[in-house]
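Engineer: Take this structure, written in C-alpha cells, and hold onto it; I'll ask about it next.
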Amino acid sequence: MTTTTTDERALAALQREHGPALLHFLLGLTFGDRQRAEDLLQETLVRAWQHPEAFDAPYESMRPWLFTVARRLAIDARRSRQARPTEVGDAVLETTATTTDTAEATVCALDVREAVRTLSREHRAVLVQMYFRGLTVDETARVLGIPPGTVKSRSYYALRQLSRSLPGYSSRSSSRSRASSETASAAAT
C-alpha cells in the first residue's frame, strides 16, 4: 500500500507562511502553554504532510484548513487530559505528609505510656495537663492548685526522668542536656 505525502518544500513554505499565526492561535487555545501549543502546531503540520489533497482544495489559502485542524487537535488534547487522572509532580510529593508505620507508632505510644506510669503522681499530673490536654503553665497551675513555678519545675524534672527511662535514649545526650541545663541555671542566677 503506497501512501502519498506532501512535498517537503511545499510543507516548509506552508510553515513559513502560516506557522507564526497558527502558533499564536494555539497559544490562545492552550492558555499560554507554549510547549503544548508547539506540540499542537507540529501535529497540525504532520496532518498537512499526511493529507496532500488539502493542497488541491479550491480555496486560495490553506489557513482555514490548518486552523480547523489545529482547533480540533486542541479540543481532542484537552478532552484526553480531562479523561485521565492528573499527574503528580515532585513538588506535590514533597508537600504530602508521609505515612508512618502504625506498628512503630503503637510501640512508641506503649513505651511512653509505660514511662509515664513510672513517674510520681505529682509529676504525672503536670505532664497530663500540659502535654496530653494542651494546657499552658498558668492553666495547669489553676487546675492543679499549685504555683506556676512549681508546674515548671515538675514538668522539667518529669521530662528529664522520661528522657532517661525511654528506650533508645543515649547517656551521651543526657550528659549534654545536663551540662546545658546547669549552664542555663548558672546563667539565670
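How things are named: the first chain in the C-alpha cells is A, the next is B, and so on; residues count from 1 in each chain; ligands count from 1 in the order shown.
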Quick one: everything within 10 Å of region 136-141 of chain A, counting only C-alpha atoms, minus sequence neighbours fewer than 3 positions away in the same chain. Send it as a PyMOL selection string.
Structural biologist: chain A and resi 125-131+133+144-152+155
Engineer: Can you tell me, as number ranges by chain, what residues are no more than 12 Å from Asp39 (chain A) when counting only C-alpha atoms, ignoring any on the same chain fewer than 2 positions away?
Structural biologist: A: 22-23, 26-27, 30, 33-37, 41-46, 70, 73-74, 77
Engineer: Take the selection from the previous step and output its residues with N, CA and C atoms, as a CSV table (one decimal), in the first residue's frame.
Structural biologist:
chain,number,residue,atom,x,y,z
A,22,LEU,N,-0.5,30.5,13.3
A,22,LEU,CA,-1.1,29.3,13.8
A,22,LEU,C,-0.6,29.1,15.3
A,23,LEU,N,0.7,29.4,15.5
A,23,LEU,CA,1.2,29.2,16.9
A,23,LEU,C,0.5,30.2,17.8
A,26,LEU,N,-2.9,28.9,18.6
A,26,LEU,CA,-2.8,27.8,19.5
A,26,LEU,C,-2.4,28.2,20.9
A,27,LEU,N,-1.6,29.2,21.1
A,27,LEU,CA,-1.3,29.7,22.4
A,27,LEU,C,-2.5,30.2,23.1
A,30,THR,N,-4.4,27.1,24.3
A,30,THR,CA,-3.8,26.4,25.4
A,30,THR,C,-3.5,27.3,26.6
A,33,ASP,N,0.3,28.1,27.2
A,33,ASP,CA,1.2,27.0,27.4
A,33,ASP,C,2.0,26.8,26.1
A,34,ARG,N,3.2,27.3,26.0
A,34,ARG,CA,3.9,27.4,24.8
A,34,ARG,C,4.3,25.9,24.3
A,35,GLN,N,4.7,25.1,25.2
A,35,GLN,CA,5.1,23.8,24.9
A,35,GLN,C,4.0,23.0,24.2
A,36,ARG,N,2.8,23.1,24.9
A,36,ARG,CA,1.6,22.4,24.3
A,36,ARG,C,1.2,23.0,23.0
A,37,ALA,N,1.3,24.3,22.8
A,37,ALA,CA,1.0,25.0,21.6
A,37,ALA,C,1.9,24.5,20.5
A,41,LEU,N,1.0,22.6,17.1
A,41,LEU,CA,1.4,23.1,15.8
A,41,LEU,C,2.1,22.0,15.0
A,42,GLN,N,3.0,21.3,15.6
A,42,GLN,CA,3.8,20.2,14.9
A,42,GLN,C,2.8,19.2,14.4
A,43,GLU,N,1.8,18.8,15.3
A,43,GLU,CA,0.8,17.8,14.9
A,43,GLU,C,0.0,18.3,13.7
A,44,THR,N,-0.3,19.6,13.7
A,44,THR,CA,-1.1,20.1,12.6
A,44,THR,C,-0.3,20.0,11.3
A,45,LEU,N,1.0,20.3,11.4
A,45,LEU,CA,1.8,20.2,10.2
A,45,LEU,C,2.0,18.8,9.7
A,46,VAL,N,2.0,17.9,10.7
A,46,VAL,CA,2.1,16.5,10.3
A,46,VAL,C,0.8,16.1,9.6
A,70,ALA,N,-6.0,22.5,13.6
A,70,ALA,CA,-5.4,22.8,14.9
A,70,ALA,C,-6.4,22.9,16.0
A,73,LEU,N,-7.5,19.5,17.0
A,73,LEU,CA,-6.5,18.8,17.8
A,73,LEU,C,-6.4,19.3,19.2
A,74,ALA,N,-6.5,20.6,19.4
A,74,ALA,CA,-6.5,21.2,20.7
A,74,ALA,C,-7.7,20.7,21.6
A,77,ALA,N,-7.0,17.1,22.5
A,77,ALA,CA,-6.0,17.0,23.6
A,77,ALA,C,-6.5,17.4,24.9
Engineer: Which one of A:Leu29, A:Val143, A:Leu11, A:Leu159 sits closest to His51 (chain A) if you count only C-alpha atoms?
Structural biologist: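 Counting only C-alpha atoms, the residue closest to His51 (chain A) is A:Leu11.
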Engineer: So, with only C-alpha atoms as the atoms that count, which of A:Ala10, A:Ala109, A:Ala115, A:Val69 lies closest to Leu40 (chain A)?
Structural biologist: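 When distances to Leu40 (chain A) are compared using only C-alpha atoms, the smallest one comes from A:Val69.
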Engineer: In Å, rounded to a single decimal, give me how far CA of Ala83 (chain A) is from CA of Ala48 (chain A).
Structural biologist: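 According to the coordinates, CA of Ala48 (chain A) and CA of Ala83 (chain A) are separated by 27.1 Å.
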Engineer: Rank nothing, just name the residue among A:Asp76, A:Leu110, A:Thr68, A:Arg63 nearest to Pro20 (chain A), using only C-alpha atoms.
Structural biologist: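 Looking at the shortest contact to Pro20 (chain A), the residue is A:Arg63.
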Engineer: Just give me the gap between CA of Glu17 (chain A) and CA of Trp65 (chain A) in Å, one decimal is fine.
Structural biologist: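 Rounded to one decimal, the two atoms are 13.7 Å apart.
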Engineer: So what do you get for CA of Cys108 (chain A) versus CA of Leu166 (chain A), distance-wise?
Structural biologist: 9.2 Å
Engineer: Smallest atom-to-atom distance to Phe55 (chain A): which of A:Arg164, A:Leu14, A:Phe67, A:Arg81, using only C-alpha atoms?
Structural biologist: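 Under the stated criterion, the closest residue is A:Leu14.
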Engineer: Tell me which of A:Asp101, A:Glu8, A:Asp111, A:Glu122 sits closest to Gly168 (chain A), counting only C-alpha atoms.
Structural biologist: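 Of all the options, A:Asp111 lies closest to Gly168 (chain A).
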